[in-house]
Amino acid sequence: MDNPGSSIISALGGGSGVDFLQLASDLSEATFSFQRSNLEQRNESLEARISSASILRNALTSLSSALGDRVRNGDLSPRATIGNPAVASVSTTPGISPTGTYSLEVSQLAQGQNLVSQSYTGSGDLVGEGTLNIRFGTVNGASFTEDTSQSALNITVDASDTLETLAGKISTESGGKLDAYVANGTNGAQLVVKGEDGATNGFVLDGQSSALLPLAQPGDLSYLSWDPSSDAGELRQGAQDALYEFDTVALSSSSNTITGLPEGISLSLTATNVDAPTSISFSNNTSAITDVMNDFVAALNDLAGLLNDEAAAFGGTLANDPGARELKRDLARLTSETVMPTAAEGEPSTLADLGLTTNRDGTFSLDTERLAETLAASPDGAAAMFTTGAFGVFATIDGLARDNTLTTDPGSLGGSLGRYEGQIERNDERLTKISEQQEDLRLRLTRQLVAAERQISSSQSTLTFLQQQIEAWNGSN
């Protein structure tokens, strides 16, 4: 570009006609353009490094997260086998590997109370104004013992309420504890009320009529009252708990879904098998372990490929980044790292025992023969490596991800990101300072050049006057 200073000399030599405001702006811009350009180029380079480091960090945390989900969702848990599958289905807590054998005998399933009212002409019949009180507890023969820990329902019934609208109120105001509807059968319309499973979820109905002379007949709310002492066939099914023996220990449950059993076992009871106990056992899901190792190796190779590209010695954005170098070292020693320090002698303890091998280019392969040998010789030991505990494959990868994303560690990817972001922040502060200095220089140059313009104009006026006088003198001679 042209030297702005030469413009000043040329302009002064010419006497005038210079845009001093633009000249001051150009001079101040030229003074700081190199510093600004240098800082902006540095920021572009830092932004590229931040992007690359973020890609690697996200890939690493995604690998850890996906592996954790795979372990926790139960795919790798031992498969349960029950001798009589009609009695119950069995599930296990993700991350726990049951190994025991248990017996199960179910003598009674949990069920809820089912009450069918006396008959009405139709579902649109009025039920009578008043309050329908519903209390919960245990129905035992002709007696009822209220469970005071459960809040009673006090349903307001308007004069316009029909059997249909009352059913809706019962279902809604009970918050799901009761399910009510109208059945139109051969005996007319009848209110059906069903409760939750469990012996203490039985219930009684007390229709408090607003009539001066309540009559237990259709149209009066007292007609819907029911308790076991006056039952005339309205009770179609009583509420009861599930009764079963687990390893010959007598147990009960208000639900047919049972949790909290040894080794994280859960049951869903579906039938009884009195005097014919069935067995529950577990076998390791070796095919699932093979599948997860194949997926694990593929994910590691995706990460290694990214790392090789981003941290390549020639042309890699993170070629000299300490965080990228540390991640390379971590991946290189991954196969030999002991992930199960508590493993007994002869049991698998490293990822190499699961068939993981490292290639010369830093990528990974799966030695399927080595994996098959481990699964055949120690299926329990291999399964134990895929839990959510303090040790194992997931704990190792999770620790690797955490260590490499720590912002407090200058040798990690997280530390690199923090360092680059800090450098950009400092460069931005310097760019702001340069802008302020440039503006100060522009204002100062403007004042100086305007003053120079005034001096030039004054000199030109004097010169013009002298020329006119000389011409006048010459003319008179």
# chains A, B, ... in the order shown; residues from 1 in each chain; ligands from 1
>>> select_by_dssp(residues="range 313-382 of chain A", states="strand (DSSP E or B)", output="ChimeraX atom specification")
/A:338,350,356-358,364-366
>>> write_last_selection(atoms="all heavy atoms", output="PDB file, in the first residue's frame")
ATOM      1  N   THR A 338      -4.678 -52.928  34.495  1.00  0.00           N
ATOM      2  CA  THR A 338      -5.483 -53.817  35.333  1.00  0.00           C
ATOM      3  C   THR A 338      -6.784 -53.119  35.699  1.00  0.00           C
ATOM      4  O   THR A 338      -6.787 -52.117  36.411  1.00  0.00           O
ATOM      5  CB  THR A 338      -4.725 -54.204  36.619  1.00  0.00           C
ATOM      6  OG1 THR A 338      -3.524 -54.884  36.258  1.00  0.00           O
ATOM      7  CG2 THR A 338      -5.578 -55.101  37.498  1.00  0.00           C
ATOM      8  N   THR A 350      -7.560 -57.795  32.938  1.00  0.00           N
ATOM      9  CA  THR A 350      -7.212 -56.720  32.013  1.00  0.00           C
ATOM     10  C   THR A 350      -8.102 -56.774  30.788  1.00  0.00           C
ATOM     11  O   THR A 350      -8.761 -57.780  30.512  1.00  0.00           O
ATOM     12  CB  THR A 350      -5.742 -56.835  31.550  1.00  0.00           C
ATOM     13  OG1 THR A 350      -5.604 -58.020  30.748  1.00  0.00           O
ATOM     14  CG2 THR A 350      -4.794 -56.916  32.744  1.00  0.00           C
ATOM     15  N   LEU A 356      -8.870 -57.456  23.806  1.00  0.00           N
ATOM     16  CA  LEU A 356      -8.524 -56.153  23.244  1.00  0.00           C
ATOM     17  C   LEU A 356      -7.028 -56.105  22.943  1.00  0.00           C
ATOM     18  O   LEU A 356      -6.195 -56.373  23.803  1.00  0.00           O
ATOM     19  CB  LEU A 356      -8.898 -55.033  24.218  1.00  0.00           C
ATOM     20  CG  LEU A 356      -8.691 -53.609  23.692  1.00  0.00           C
ATOM     21  CD1 LEU A 356      -9.681 -53.320  22.568  1.00  0.00           C
ATOM     22  CD2 LEU A 356      -8.849 -52.597  24.823  1.00  0.00           C
ATOM     23  N   THR A 357      -6.675 -55.766  21.713  1.00  0.00           N
ATOM     24  CA  THR A 357      -5.273 -55.637  21.309  1.00  0.00           C
ATOM     25  C   THR A 357      -5.054 -54.285  20.639  1.00  0.00           C
ATOM     26  O   THR A 357      -5.986 -53.679  20.096  1.00  0.00           O
ATOM     27  CB  THR A 357      -4.870 -56.745  20.320  1.00  0.00           C
ATOM     28  OG1 THR A 357      -5.683 -56.645  19.141  1.00  0.00           O
ATOM     29  CG2 THR A 357      -5.056 -58.121  20.944  1.00  0.00           C
ATOM     30  N   THR A 358      -3.783 -53.812  20.687  1.00  0.00           N
ATOM     31  CA  THR A 358      -3.431 -52.520  20.107  1.00  0.00           C
ATOM     32  C   THR A 358      -2.638 -52.719  18.822  1.00  0.00           C
ATOM     33  O   THR A 358      -1.693 -53.513  18.792  1.00  0.00           O
ATOM     34  CB  THR A 358      -2.593 -51.692  21.089  1.00  0.00           C
ATOM     35  OG1 THR A 358      -3.288 -51.581  22.329  1.00  0.00           O
ATOM     36  CG2 THR A 358      -2.340 -50.294  20.546  1.00  0.00           C
ATOM     37  N   PHE A 364      -7.290 -50.258  17.448  1.00  0.00           N
ATOM     38  CA  PHE A 364      -7.509 -51.459  18.255  1.00  0.00           C
ATOM     39  C   PHE A 364      -8.131 -52.571  17.423  1.00  0.00           C
ATOM     40  O   PHE A 364      -8.779 -52.323  16.407  1.00  0.00           O
ATOM     41  CB  PHE A 364      -8.418 -51.144  19.447  1.00  0.00           C
ATOM     42  CG  PHE A 364      -7.853 -50.139  20.399  1.00  0.00           C
ATOM     43  CD1 PHE A 364      -8.057 -48.780  20.197  1.00  0.00           C
ATOM     44  CD2 PHE A 364      -7.104 -50.542  21.493  1.00  0.00           C
ATOM     45  CE1 PHE A 364      -7.532 -47.838  21.069  1.00  0.00           C
ATOM     46  CE2 PHE A 364      -6.577 -49.615  22.368  1.00  0.00           C
ATOM     47  CZ  PHE A 364      -6.784 -48.263  22.155  1.00  0.00           C
ATOM     48  N   SER A 365      -7.930 -53.795  17.898  1.00  0.00           N
ATOM     49  CA  SER A 365      -8.555 -54.973  17.281  1.00  0.00           C
ATOM     50  C   SER A 365      -9.078 -55.865  18.394  1.00  0.00           C
ATOM     51  O   SER A 365      -8.679 -55.741  19.563  1.00  0.00           O
ATOM     52  CB  SER A 365      -7.545 -55.745  16.427  1.00  0.00           C
ATOM     53  OG  SER A 365      -7.057 -54.964  15.366  1.00  0.00           O
ATOM     54  N   LEU A 366      -9.978 -56.773  18.029  1.00  0.00           N
ATOM     55  CA  LEU A 366     -10.516 -57.732  18.996  1.00  0.00           C
ATOM     56  C   LEU A 366     -10.003 -59.125  18.649  1.00  0.00           C
ATOM     57  O   LEU A 366     -10.272 -59.637  17.549  1.00  0.00           O
ATOM     58  CB  LEU A 366     -12.045 -57.716  18.988  1.00  0.00           C
ATOM     59  CG  LEU A 366     -12.720 -58.658  19.991  1.00  0.00           C
ATOM     60  CD1 LEU A 366     -12.366 -58.241  21.421  1.00  0.00           C
ATOM     61  CD2 LEU A 366     -14.225 -58.673  19.796  1.00  0.00           C
TER      62      LEU A 366
END
>>> residues_around(residues="Asp147 in chain A", least_positions_apart="3", cutoff="9 Å", atoms="only C-alpha atoms", output="number ranges by chain")
A: 135-138, 150-151, 200-201
>>> closest_residue(among="A:Asp206, A:Thr186, A:Asp26, A:Asp428", to="Asn154 in chain A", atoms="only C-alpha atoms")
A:Asp206
>>> closest_residue(among="A:Leu251, A:Ala304, A:Ala384, A:Val106", to="Pro78 in chain A", atoms="only C-alpha atoms")
A:Ala384
>>> residues_around(residues="Ile82 in chain A", least_positions_apart="4", cutoff="8 Å", atoms="only C-alpha atoms", output="list in words")
Ala88, Ser89, Val90, Thr278, Ser279, Ile280 and Ser281 of chain A
>>> residues_around(residues="Asp409 in chain A", least_positions_apart="4", cutoff="12 Å", atoms="only C-alpha atoms", output="ChimeraX atom specification")
/A:322-323,326,402-405,413-419
>>> atom_distance(atom1="CA of Gln35 in chain A", atom2="CA of Asn427 in chain A")
10.7 Å
>>> residues_around(residues="Glu173 in chain A", least_positions_apart="3", cutoff="10 Å", atoms="only C-alpha atoms", output="MDAnalysis selection string")
chainID A and resid 153:155 168:170 176:178
>>> select_by_dssp(residues="range 235-355 of chain A", states="alpha helix (DSSP H)", output="VMD selection string")
chain A and resid 286 to 310 322 to 332
>>> residues_around(residues="Ala159 in chain A", least_positions_apart="6", cutoff="8 Å", atoms="only C-alpha atoms", output="list in words")
Leu126, Val127, Gly128, Glu129 and Gly130 of chain A
>>> closest_residue(among="A:Ser28, A:Ser283, A:Asn184, A:Ser33", to="Leu431 in chain A", atoms="only C-alpha atoms")
A:Ser33
>>> residues_around(residues="Ser25 in chain A", least_positions_apart="4", cutoff="12 Å", atoms="only C-alpha atoms", output="ChimeraX atom specification")
/A:4,19-21,29-33,438-447,449
>>> atom_distance(atom1="CA of Arg370 in chain A", atom2="CA of Thr93 in chain A")
28.8 Å
>>> closest_residue(among="A:Asn285, A:Thr432, A:Asn273, A:Ser119", to="Ala183 in chain A", atoms="only C-alpha atoms")
A:Ser119
>>> atom_distance(atom1="CA of Arg57 in chain A", atom2="CA of Ala319 in chain A")
15.8 Å
